[in-house]
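Source file: protein32.cif (mmCIF, C-alpha atoms and all ligand atoms)
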```cif
data_work
loop_
_atom_site.label_atom_id
_atom_site.label_comp_id
_atom_site.auth_asym_id
_atom_site.auth_seq_id
_atom_site.Cartn_x
_atom_site.Cartn_y
_atom_site.Cartn_z
CA MET A 1 9.81 14.18 -15.58
CA LYS A 2 6.97 15.59 -13.46
CA ILE A 3 5.33 12.78 -11.55
CA LEU A 4 2.02 13.08 -9.73
CA VAL A 5 1.64 11.03 -6.56
CA THR A 6 -1.94 10.96 -5.28
CA GLY A 7 -2.28 10.10 -1.60
CA GLY A 8 1.40 10.98 -1.38
CA LEU A 9 1.24 11.85 2.32
CA GLY A 10 -0.09 8.44 3.28
CA PHE A 11 1.91 5.51 4.66
CA ILE A 12 3.06 3.94 1.37
CA GLY A 13 2.75 7.17 -0.60
CA SER A 14 5.16 9.14 1.60
CA HIS A 15 7.80 6.42 1.46
CA THR A 16 7.42 6.31 -2.34
CA VAL A 17 7.83 10.10 -2.65
CA VAL A 18 11.13 9.80 -0.75
CA GLU A 19 12.35 7.11 -3.17
CA LEU A 20 11.18 9.08 -6.24
CA GLN A 21 13.00 12.22 -5.14
CA ALA A 22 16.12 10.18 -4.40
CA GLN A 23 16.03 9.10 -8.07
CA GLY A 24 15.72 12.71 -9.22
CA TYR A 25 12.06 12.76 -10.19
CA ASP A 26 10.17 16.07 -9.93
CA VAL A 27 7.26 15.09 -7.68
CA ILE A 28 3.96 16.83 -7.03
CA VAL A 29 1.79 15.41 -4.27
CA LEU A 30 -2.00 15.54 -4.06
CA ASP A 31 -3.66 14.57 -0.82
CA ASN A 32 -6.96 15.49 0.84
CA LEU A 33 -5.39 15.05 4.31
CA SER A 34 -8.20 12.71 5.37
CA ASN A 35 -5.64 10.16 6.55
CA ALA A 36 -2.42 12.20 6.76
CA THR A 37 -1.01 15.47 8.12
CA LEU A 38 1.22 18.14 6.60
CA GLU A 39 3.95 17.11 9.06
CA VAL A 40 4.56 14.18 6.71
CA LEU A 41 5.79 16.72 4.15
CA ASP A 42 8.34 17.92 6.73
CA GLY A 43 9.52 14.34 7.22
CA ILE A 44 9.89 13.79 3.47
CA GLU A 45 11.85 17.04 3.16
CA LYS A 46 14.18 16.15 6.04
CA ILE A 47 14.92 12.73 4.54
CA SER A 48 15.36 13.70 0.91
CA GLY A 49 16.49 17.31 1.28
CA LYS A 50 13.72 18.44 -1.04
CA ARG A 51 10.14 19.46 -0.25
CA PRO A 52 7.82 18.13 -2.92
CA ARG A 53 5.16 20.48 -4.26
CA PHE A 54 1.88 19.78 -2.53
CA GLU A 55 -1.74 20.62 -3.32
CA LYS A 56 -4.65 19.76 -1.01
CA ILE A 57 -7.19 18.33 -3.43
CA ASP A 58 -9.95 15.79 -2.90
CA LEU A 59 -9.98 13.69 -6.06
CA ARG A 60 -13.74 13.22 -5.68
CA ASP A 61 -13.99 16.86 -6.82
CA ARG A 62 -13.93 16.34 -10.58
CA THR A 63 -13.66 20.06 -11.32
CA ALA A 64 -10.61 20.30 -9.10
CA VAL A 65 -9.00 17.33 -10.85
CA GLN A 66 -9.66 18.88 -14.26
CA ALA A 67 -8.30 22.25 -13.12
CA PHE A 68 -5.18 20.58 -11.73
CA PHE A 69 -4.40 18.87 -15.03
CA ASN A 70 -5.15 22.05 -16.99
CA THR A 71 -2.53 23.81 -14.90
CA HIS A 72 0.01 20.98 -14.80
CA THR A 73 0.04 19.94 -18.47
CA ASP A 74 3.51 18.36 -18.22
CA ILE A 75 2.70 15.43 -15.95
CA GLU A 76 4.16 12.29 -17.51
CA GLY A 77 3.41 9.73 -14.85
CA VAL A 78 0.94 9.16 -12.05
CA ILE A 79 1.27 6.87 -9.05
CA HIS A 80 -2.23 6.55 -7.62
CA PHE A 81 -2.39 5.74 -3.90
CA ALA A 82 -5.32 7.92 -2.84
CA ALA A 83 -8.06 5.55 -1.66
CA SER A 84 -9.77 4.27 1.46
CA LYS A 85 -8.28 0.96 2.59
CA ALA A 86 -9.88 -0.35 5.77
CA VAL A 87 -11.57 -3.67 5.01
CA GLY A 88 -13.91 -3.59 8.01
CA GLU A 89 -14.96 0.02 7.39
CA SER A 90 -15.74 -0.84 3.78
CA VAL A 91 -18.24 -3.48 4.92
CA GLU A 92 -19.94 -0.91 7.19
CA ASN A 93 -19.88 1.89 4.62
CA PRO A 94 -19.67 0.45 1.08
CA LEU A 95 -20.78 3.59 -0.75
CA LEU A 96 -17.95 5.60 0.82
CA TYR A 97 -15.55 3.06 -0.70
CA TYR A 98 -17.19 2.82 -4.11
CA GLU A 99 -17.34 6.61 -4.40
CA ASN A 100 -13.89 7.37 -3.01
CA ASN A 101 -11.96 4.55 -4.62
CA LEU A 102 -13.65 4.42 -8.02
CA SER A 103 -14.79 7.96 -8.87
CA THR A 104 -11.30 9.29 -8.12
CA LEU A 105 -9.76 6.66 -10.40
CA ILE A 106 -12.22 7.53 -13.18
CA TYR A 107 -11.57 11.29 -12.93
CA LEU A 108 -7.80 10.71 -13.06
CA LEU A 109 -8.05 8.42 -16.08
CA GLN A 110 -10.35 10.89 -17.87
CA GLU A 111 -7.56 13.45 -17.68
CA LEU A 112 -4.77 11.04 -18.60
CA GLN A 113 -6.56 9.66 -21.64
CA LYS A 114 -6.47 13.17 -23.14
CA LYS A 115 -2.68 12.87 -23.36
CA PRO A 116 -0.95 11.12 -26.28
CA GLU A 117 0.83 8.93 -23.72
CA ALA A 118 0.76 8.56 -19.94
CA SER A 119 2.30 6.17 -17.40
CA PHE A 120 0.00 5.01 -14.62
CA ILE A 121 0.89 2.94 -11.55
CA PHE A 122 -2.08 1.55 -9.64
CA SER A 123 -2.07 0.57 -5.99
CA SER A 124 -3.85 -2.78 -5.86
CA SER A 125 -3.87 -5.54 -3.28
CA CYS A 126 -3.50 -9.28 -2.75
CA THR A 127 -7.06 -8.99 -1.48
CA VAL A 128 -8.20 -9.45 -5.09
CA TYR A 129 -7.21 -13.13 -4.86
CA GLY A 130 -9.49 -13.85 -1.90
CA GLN A 131 -8.35 -17.20 -0.46
CA ALA A 132 -6.17 -18.44 -3.31
CA LYS A 133 -6.10 -22.19 -3.77
CA GLU A 134 -2.32 -22.42 -4.29
CA MET A 135 0.51 -20.89 -2.26
CA PRO A 136 2.62 -18.96 -3.08
CA ILE A 137 0.10 -16.94 -5.09
CA MET A 138 0.88 -16.20 -8.76
CA GLU A 139 -0.49 -13.25 -10.74
CA SER A 140 -2.31 -15.82 -12.86
CA ALA A 141 -4.29 -17.05 -9.85
CA PRO A 142 -8.01 -16.60 -10.41
CA ILE A 143 -9.59 -13.41 -9.12
CA GLN A 144 -12.33 -14.60 -6.79
CA SER A 145 -15.39 -12.65 -5.76
CA ALA A 146 -14.25 -10.04 -3.28
CA PHE A 147 -14.50 -10.58 0.46
CA SER A 148 -15.25 -6.89 1.04
CA PRO A 149 -16.27 -3.73 -0.81
CA TYR A 150 -12.67 -2.56 -0.36
CA GLY A 151 -11.37 -5.63 -2.19
CA ASN A 152 -14.09 -5.19 -4.80
CA THR A 153 -12.97 -1.62 -5.52
CA LYS A 154 -9.48 -2.97 -6.26
CA GLN A 155 -10.86 -5.65 -8.60
CA ILE A 156 -13.14 -3.18 -10.40
CA GLY A 157 -10.30 -0.63 -10.50
CA GLU A 158 -8.06 -3.11 -12.29
CA GLU A 159 -10.81 -3.83 -14.82
CA ILE A 160 -11.42 -0.12 -15.47
CA ILE A 161 -7.70 0.43 -16.05
CA SER A 162 -7.50 -2.48 -18.52
CA ASP A 163 -10.52 -1.23 -20.50
CA VAL A 164 -9.23 2.36 -20.67
CA ALA A 165 -5.59 1.47 -21.44
CA ARG A 166 -6.77 -0.64 -24.37
CA VAL A 167 -8.25 2.42 -26.13
CA SER A 168 -5.92 5.21 -25.01
CA GLY A 169 -2.27 6.19 -24.68
CA ILE A 170 -2.27 5.10 -21.05
CA ASN A 171 0.27 2.40 -20.15
CA ALA A 172 -0.32 0.94 -16.72
CA ILE A 173 1.33 -1.27 -14.13
CA VAL A 174 -0.84 -2.76 -11.39
CA LEU A 175 1.00 -3.58 -8.18
CA ARG A 176 -0.76 -6.09 -5.93
CA TYR A 177 0.64 -5.42 -2.46
CA PHE A 178 0.78 -8.02 0.23
CA ASN A 179 1.06 -6.72 3.81
CA PRO A 180 3.05 -3.47 4.07
CA ILE A 181 4.73 -2.92 7.46
CA GLY A 182 7.60 -0.99 9.03
CA ALA A 183 8.82 2.59 8.70
CA HIS A 184 11.68 4.57 7.23
CA GLU A 185 14.98 3.91 9.08
CA SER A 186 15.32 7.68 9.69
CA ASN A 187 12.25 7.54 11.97
CA LEU A 188 10.94 10.63 10.17
CA ILE A 189 8.00 8.96 8.41
CA GLY A 190 5.98 5.85 9.18
CA GLU A 191 2.50 4.46 9.66
CA LEU A 192 -0.02 6.80 11.34
CA PRO A 193 -3.10 4.69 12.05
CA ILE A 194 -6.14 6.69 13.11
CA GLY A 195 -7.89 5.37 16.23
CA VAL A 196 -7.59 1.69 17.14
CA PRO A 197 -5.27 0.05 14.58
CA GLN A 198 -6.95 -2.60 12.43
CA ASN A 199 -3.67 -4.02 11.15
CA LEU A 200 -1.49 -6.42 13.12
CA VAL A 201 1.85 -4.62 13.31
CA PRO A 202 0.68 -1.19 14.50
CA PHE A 203 -1.48 -2.96 17.08
CA ILE A 204 1.60 -4.88 18.25
CA THR A 205 3.74 -1.74 18.55
CA GLN A 206 1.00 0.16 20.41
CA THR A 207 0.56 -2.80 22.77
CA ALA A 208 4.30 -2.95 23.42
CA MET A 209 4.17 0.81 24.06
CA GLY A 210 1.45 0.25 26.66
CA LEU A 211 -1.23 2.07 24.68
CA ARG A 212 -3.22 -1.20 24.30
CA GLN A 213 -3.63 -3.70 27.10
CA GLN A 214 -2.91 -6.77 25.00
CA LEU A 215 -3.03 -8.07 21.45
CA SER A 216 -5.99 -10.25 20.49
CA VAL A 217 -4.86 -12.99 18.13
CA PHE A 218 -7.83 -13.65 15.88
CA GLY A 219 -7.98 -17.43 15.91
CA ASP A 220 -5.48 -20.26 16.21
CA ASP A 221 -7.58 -22.96 14.57
CA TYR A 222 -6.59 -22.32 10.96
CA ASP A 223 -4.93 -24.96 8.82
CA THR A 224 -1.44 -23.44 9.16
CA VAL A 225 1.89 -24.18 10.82
CA ASP A 226 0.63 -23.07 14.24
CA GLY A 227 -3.07 -22.45 13.65
CA THR A 228 -2.74 -18.67 13.16
CA CYS A 229 -3.14 -16.89 9.82
CA VAL A 230 -0.18 -16.56 7.47
CA ARG A 231 0.63 -13.35 5.57
CA ASP A 232 3.49 -11.93 3.49
CA TYR A 233 4.79 -8.94 5.43
CA ILE A 234 6.79 -6.60 3.21
CA HIS A 235 8.87 -3.64 4.38
CA VAL A 236 7.23 -0.40 3.21
CA VAL A 237 10.57 0.86 1.80
CA ASP A 238 10.92 -2.27 -0.37
CA LEU A 239 7.34 -1.66 -1.52
CA ALA A 240 8.09 2.02 -2.24
CA GLN A 241 11.11 1.09 -4.34
CA ALA A 242 8.97 -1.31 -6.39
CA HIS A 243 6.86 1.71 -7.46
CA VAL A 244 9.91 3.60 -8.69
CA VAL A 245 11.12 0.56 -10.66
CA ALA A 246 7.65 0.11 -12.17
CA LEU A 247 7.37 3.80 -13.11
CA LYS A 248 10.81 3.79 -14.74
CA ARG A 249 9.82 0.68 -16.71
CA LEU A 250 6.89 2.56 -18.25
CA LEU A 251 8.74 5.84 -18.80
CA ASP A 252 11.56 3.92 -20.51
CA LYS A 253 8.93 2.08 -22.59
CA LYS A 254 10.22 -1.33 -21.43
CA HIS A 255 6.70 -2.64 -20.74
CA LEU A 256 5.55 -5.64 -22.78
CA GLU A 257 1.79 -5.05 -22.49
CA LYS A 258 -0.52 -2.05 -22.09
CA VAL A 259 -1.27 -3.26 -18.55
CA GLU A 260 1.17 -5.37 -16.55
CA VAL A 261 0.38 -6.90 -13.14
CA PHE A 262 2.94 -7.75 -10.44
CA ASN A 263 2.72 -9.23 -6.95
CA ILE A 264 4.77 -7.13 -4.56
CA GLY A 265 5.69 -9.21 -1.52
CA THR A 266 8.68 -11.00 -0.03
CA GLY A 267 7.54 -14.45 -1.13
CA LYS A 268 7.73 -15.59 2.50
CA GLY A 269 4.72 -16.33 4.70
CA SER A 270 4.73 -15.62 8.45
CA SER A 271 2.07 -16.63 10.95
CA VAL A 272 0.73 -14.21 13.55
CA LEU A 273 2.57 -16.09 16.31
CA GLU A 274 5.79 -16.00 14.27
CA VAL A 275 5.42 -12.22 13.93
CA ILE A 276 4.91 -11.91 17.68
CA ARG A 277 8.00 -14.02 18.38
CA ALA A 278 10.08 -12.02 15.88
CA PHE A 279 8.93 -8.76 17.47
CA GLU A 280 9.83 -10.01 20.98
CA LYS A 281 13.23 -11.10 19.69
CA VAL A 282 14.21 -7.80 18.03
CA THR A 283 12.83 -5.58 20.80
CA ALA A 284 13.57 -7.82 23.83
CA LYS A 285 10.02 -6.98 24.98
CA LYS A 286 7.41 -9.49 26.06
CA LEU A 287 4.19 -8.93 24.14
CA PRO A 288 0.97 -9.57 26.10
CA TYR A 289 -1.56 -11.35 23.88
CA GLN A 290 -4.51 -13.70 24.04
CA ILE A 291 -6.02 -16.04 21.49
CA VAL A 292 -9.62 -15.06 20.69
CA GLY A 293 -12.14 -16.06 18.00
CA ARG A 294 -11.57 -15.61 14.29
CA ARG A 295 -12.08 -12.18 12.66
CA GLU A 296 -14.86 -12.10 10.05
CA GLY A 297 -13.45 -12.01 6.53
CA ASP A 298 -9.91 -13.17 7.34
CA ILE A 299 -8.39 -15.66 4.94
CA THR A 300 -6.12 -18.47 6.15
CA ALA A 301 -2.99 -17.70 4.17
CA ALA A 302 -1.63 -15.34 1.52
CA TYR A 303 1.95 -14.99 0.42
CA ALA A 304 3.34 -14.00 -2.96
CA ASN A 305 5.04 -15.83 -5.76
CA THR A 306 7.46 -13.01 -6.66
CA ASP A 307 9.12 -14.61 -9.70
CA LYS A 308 7.47 -12.18 -12.12
CA ALA A 309 8.42 -9.12 -10.08
CA ASN A 310 11.97 -10.44 -9.69
CA ASP A 311 12.52 -11.61 -13.28
CA VAL A 312 10.37 -9.27 -15.40
CA LEU A 313 10.10 -6.09 -13.32
CA GLY A 314 13.63 -6.51 -12.01
CA TRP A 315 12.73 -5.81 -8.39
CA LYS A 316 13.21 -7.95 -5.26
CA ALA A 317 12.45 -7.27 -1.60
CA THR A 318 15.66 -7.03 0.43
CA LYS A 319 14.52 -6.22 3.97
CA THR A 320 13.62 -8.86 6.54
CA LEU A 321 10.57 -9.21 8.76
CA GLU A 322 12.78 -8.52 11.78
CA GLU A 323 14.13 -5.29 10.24
CA ALA A 324 10.62 -4.10 9.46
CA LEU A 325 9.40 -4.88 12.98
CA LEU A 326 12.33 -3.03 14.54
CA ASN A 327 11.73 -0.01 12.27
CA ALA A 328 8.04 -0.09 13.25
CA TRP A 329 8.97 -0.24 16.95
CA ASN A 330 11.48 2.63 16.64
CA TRP A 331 8.82 4.69 14.85
CA GLU A 332 6.26 3.96 17.60
CA ASN A 333 8.80 5.18 20.17
CA LYS A 334 9.43 8.32 18.12
CA LEU A 335 5.69 9.01 17.93
CA ARG A 336 5.39 8.78 21.72
CA THR A 337 8.44 10.93 22.44
CA PRO A 338 7.20 14.49 23.11
C1 LIG B 401 -2.94 -9.65 9.45
C2 LIG B 401 -3.17 -10.88 10.31
C3 LIG B 401 -5.33 -11.01 11.29
C4 LIG B 401 -4.90 -7.56 13.92
C5 LIG B 401 -5.10 -6.03 5.30
C6 LIG B 401 -5.99 -5.70 4.18
C7 LIG B 401 -5.27 -5.87 2.88
C8 LIG B 401 -3.99 -5.09 2.91
C9 LIG B 401 -3.14 -5.49 4.10
C10 LIG B 401 -4.39 -2.98 1.87
C11 LIG B 401 -4.55 -11.47 10.10
C12 LIG B 401 -4.25 -10.88 12.36
C13 LIG B 401 -4.65 -8.55 12.97
C14 LIG B 401 -5.06 -7.94 15.28
C15 LIG B 401 -4.70 -10.24 14.68
N1 LIG B 401 -4.27 -3.70 2.97
N2 LIG B 401 -4.55 -9.84 13.35
N3 LIG B 401 -4.95 -9.27 15.61
O1 LIG B 401 -6.16 -8.40 7.03
O2 LIG B 401 -4.04 -9.52 6.13
O3 LIG B 401 -4.76 -7.37 5.20
O4 LIG B 401 -3.92 -5.27 5.27
O5 LIG B 401 -4.20 -3.27 0.74
O6 LIG B 401 -6.11 -5.42 1.87
O7 LIG B 401 -7.07 -6.60 4.22
O8 LIG B 401 -3.87 -7.43 7.50
O9 LIG B 401 -2.76 -6.64 9.53
O10 LIG B 401 -5.31 -6.65 9.45
O11 LIG B 401 -4.06 -8.80 9.64
O12 LIG B 401 -4.61 -11.43 15.00
O13 LIG B 401 -5.29 -7.10 16.20
O14 LIG B 401 -3.09 -10.50 11.67
O15 LIG B 401 -6.29 -11.97 11.72
O16 LIG B 401 -4.43 -12.87 10.17
P1 LIG B 401 -4.78 -8.29 6.49
P2 LIG B 401 -4.02 -7.29 9.08
#
```
Transcribe the structure of this file into structure tokens.
Ligand code: WQD
Amino acid sequence: MKILVTGGLGFIGSHTVVELQAQGYDVIVLDNLSNATLEVLDGIEKISGKRPRFEKIDLRDRTAVQAFFNTHTDIEGVIHFAASKAVGESVENPLLYYENNLSTLIYLLQELQKKPEASFIFSSSCTVYGQAKEMPIMESAPIQSAFSPYGNTKQIGEEIISDVARVSGINAIVLRYFNPIGAHESNLIGELPIGVPQNLVPFITQTAMGLRQQLSVFGDDYDTVDGTCVRDYIHVVDLAQAHVVALKRLLDKKHLEKVEVFNIGTGKGSSVLEVIRAFEKVTAKKLPYQIVGRREGDITAAYANTDKANDVLGWKATKTLEEALLNAWNWENKLRTP
């Protein structure tokens, strides 16, 4: 069972490669190293005792994608992580996002549709729901017009996959992630934000490390328990395991439709202030922060209804917010230890 993982040296990708190898899958990783380093391969090898095959390929290079599939004719499944994912950057540079996130998907699908059958797992996002009317959010919630080009690439990506699966041997599972956080308990792989972190948890750990002066909390005037935004923070290892369960479902032909969609979250919402308090509790560190104005594009609340993932996919998150925050803090310490 040779499985291709694109973007396999990224945050979620690397944790998924570890879980795939633990289940005995033969993994080959493609990554263009735009948001990862080869040291991640060392971390994967140390954790799982096996170094996955790796090829440095930019999936925007259609010829390279075709050549790869001409060489590796025995790939049975693809987990597609490779994409740009910074919401703010996508607003500043939409064409980078439309080219990188959509052309790469198209080139991959063009190769897979040549096969009699192929299993495809797509990395999507709760961003496709925009501000859902009902909480927790179900997969049947309406897809609203995207808040950002990044979110739009996920919506368009899902539509492309549905159209292609309908007329080919491709069977797909779309996983709509909520907010991935944390790091592997071994401290050998974790999140590696480039520059100033956009996301909450890496900004918290860098602030606690003294790399940032204080955390800015973007608004406390939302209609929530304490006025700060609510999100569903899921441990990256729980998220990684969901990909393995989804892949196995397709390979074992247990899927009920050509394309199945699942929310991958904990089902629990936490406000920004609740995350800060949980972090202070598990690390016994006081986190300096100040309340500032809202961040453009933020929605008030998003947390998952996970019934479908639990009952149909047969997967459930097991790790707590506190565990994820402690893993993230331990990883931050490891990064800063020479
Ligand atoms: C979480 C909350 C901020 C930083 C993003 C993507 C989404 C998905 C997950 C890929 C918000 C607040 C943050 C800070 C803050 N990624 N915050 N101060 O925006 O929910 O989702 O990551 O699929 O597509 O949009 O995550 O971590 O940026 O923010 O107060 O310095 O923390 O306002 O309420 P977000 P986030």
Closest contacts (segment 198-302 of chain A/segment 317-331 of chain A, max 10 Å, all atoms listed in the file) as a tab-separated table:
```
residue	atom	partner	partner_atom	distance
A:Val201	CA	A:Leu325	CA	7.6
A:Pro202	CA	A:Ala328	CA	7.5
A:Ile204	CA	A:Trp329	CA	8.8
A:Thr205	CA	A:Trp329	CA	5.7
A:Gln206	CA	A:Trp329	CA	8.7
A:Ala208	CA	A:Trp329	CA	8.4
A:Met209	CA	A:Trp329	CA	8.6
A:Asp232	CA	A:Leu321	CA	9.2
A:Tyr233	CA	A:Leu321	CA	6.7
A:Ile234	CA	A:Leu321	CA	7.2
A:His235	CA	A:Ala324	CA	5.4
A:Val236	CA	A:Ala324	CA	8.0
A:Val237	CA	A:Lys319	CA	8.4
A:Asp238	CA	A:Ala317	CA	5.4
A:Leu239	CA	A:Ala317	CA	7.6
A:Gln241	CA	A:Ala317	CA	8.9
A:Ala242	CA	A:Ala317	CA	8.4
A:Ile264	CA	A:Ala317	CA	8.2
A:Gly265	CA	A:Ala317	CA	7.0
A:Thr266	CA	A:Ala317	CA	5.5
A:Gly267	CA	A:Ala317	CA	8.7
A:Lys268	CA	A:Leu321	CA	9.4
A:Ser270	CA	A:Leu321	CA	8.7
A:Glu274	CA	A:Leu321	CA	10.0
A:Val275	CA	A:Leu321	CA	7.9
A:Ile276	CA	A:Leu325	CA	9.6
A:Arg277	CA	A:Glu322	CA	9.8
A:Ala278	CA	A:Glu322	CA	6.0
A:Phe279	CA	A:Leu325	CA	6.0
A:Glu280	CA	A:Leu325	CA	9.5
A:Lys281	CA	A:Glu322	CA	8.3
A:Val282	CA	A:Leu326	CA	6.2
A:Thr283	CA	A:Leu326	CA	6.8
```
Taking C-alpha atoms for each residue, export the selection above as an mmCIF file, in the coordinates of the input.
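What follows is the written file part_4.cif:
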```cif
data_model
loop_
_atom_site.group_PDB
_atom_site.id
_atom_site.type_symbol
_atom_site.label_atom_id
_atom_site.label_comp_id
_atom_site.auth_asym_id
_atom_site.auth_seq_id
_atom_site.Cartn_x
_atom_site.Cartn_y
_atom_site.Cartn_z
ATOM 1 C CA VAL A 201 1.850 -4.620 13.310
ATOM 2 C CA PRO A 202 0.680 -1.190 14.500
ATOM 3 C CA ILE A 204 1.600 -4.880 18.250
ATOM 4 C CA THR A 205 3.740 -1.740 18.550
ATOM 5 C CA GLN A 206 1.000 0.160 20.410
ATOM 6 C CA ALA A 208 4.300 -2.950 23.420
ATOM 7 C CA MET A 209 4.170 0.810 24.060
ATOM 8 C CA ASP A 232 3.490 -11.930 3.490
ATOM 9 C CA TYR A 233 4.790 -8.940 5.430
ATOM 10 C CA ILE A 234 6.790 -6.600 3.210
ATOM 11 C CA HIS A 235 8.870 -3.640 4.380
ATOM 12 C CA VAL A 236 7.230 -0.400 3.210
ATOM 13 C CA VAL A 237 10.570 0.860 1.800
ATOM 14 C CA ASP A 238 10.920 -2.270 -0.370
ATOM 15 C CA LEU A 239 7.340 -1.660 -1.520
ATOM 16 C CA GLN A 241 11.110 1.090 -4.340
ATOM 17 C CA ALA A 242 8.970 -1.310 -6.390
ATOM 18 C CA ILE A 264 4.770 -7.130 -4.560
ATOM 19 C CA GLY A 265 5.690 -9.210 -1.520
ATOM 20 C CA THR A 266 8.680 -11.000 -0.030
ATOM 21 C CA GLY A 267 7.540 -14.450 -1.130
ATOM 22 C CA LYS A 268 7.730 -15.590 2.500
ATOM 23 C CA SER A 270 4.730 -15.620 8.450
ATOM 24 C CA GLU A 274 5.790 -16.000 14.270
ATOM 25 C CA VAL A 275 5.420 -12.220 13.930
ATOM 26 C CA ILE A 276 4.910 -11.910 17.680
ATOM 27 C CA ARG A 277 8.000 -14.020 18.380
ATOM 28 C CA ALA A 278 10.080 -12.020 15.880
ATOM 29 C CA PHE A 279 8.930 -8.760 17.470
ATOM 30 C CA GLU A 280 9.830 -10.010 20.980
ATOM 31 C CA LYS A 281 13.230 -11.100 19.690
ATOM 32 C CA VAL A 282 14.210 -7.800 18.030
ATOM 33 C CA THR A 283 12.830 -5.580 20.800
#
```
Spatial sel., origin (9.6, 23.6, -0.5), limit 12 Å, only C-alpha atoms, listed as an NGL selection string: :A and (27-29 or 41-42 or 44-46 or 48-54)
How would you report the residues lying within 9 Å of ligand LIG 401 (chain B), as a PyMOL selection string, if you count only C-alpha atoms and all ligand atoms? chain A and resi 85-88+123-128+148+150-151+154+176-181+197-204+215-220+228-233+271-273+275+291-292+294-302
Taking 3 positions as the minimum chain separation for residues in the same chain, which residues sit within 8 Å of segment 6-16 of chain A when counting only C-alpha atoms? Answer as a PyMOL selection string. chain A and resi 19-20+29-33+35-38+40-41+44+78-83+180+184+189-192+236-237+239-241+243-244
Polymer residues at most 7 Å from Asn171 of chain A, all atoms listed in the file, same-chain spacing of 3 or more positions, as a ChimeraX atom specification: /A:118-120,165,250,258-259
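Distance annotation: of A:Gly269, A:Val245, A:Lys254, A:Leu175, the residue with the minimal separation from Gln23 of chain A is A:Val245; atom set is all atoms listed in the file.
If you measure from each of A:Ser145, A:Gln214, A:Asn333, A:Asn70 to Glu111 of chain A using only C-alpha atoms, the closest one turns out to be A:Asn70.
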At a cut-off of 12 Å around the point (-19.2, 2.5, -2.8) (file coordinates), what residues fall inside when counting all atoms listed in the file? I'd like the answer as a PyMOL selection string. chain A and resi 83-84+89-104+148-154+156
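Computed from the coordinates, the atom CA of Ile173 of chain A to atom CA of Glu260 of chain A distance equals 4.8 Å.
With all atoms listed in the file as the atoms that count, the residue of A:Glu39, A:Pro288, A:Asn263, A:Pro193 with the shortest distance to Arg212 of chain A is A:Pro288.
Between atom CA of Glu332 of chain A and atom CA of Lys286 of chain A the separation is 15.9 Å.
From atom CA of Asp163 of chain A back to atom CA of Gln66 of chain A, the distance works out to 21.1 Å.
Of the residues listed (A:Ile75, A:Ile170, A:Ile3, A:Ile160), A:Ile170 shows the shortest atom-to-atom separation from Lys253 of chain A; distances use only C-alpha atoms.
When all atoms listed in the file are used to compute distances to Leu109 of chain A, the closest of the residues A:Ala172, A:Gln155, A:Asp61, A:Gln213 turns out to be A:Ala172.
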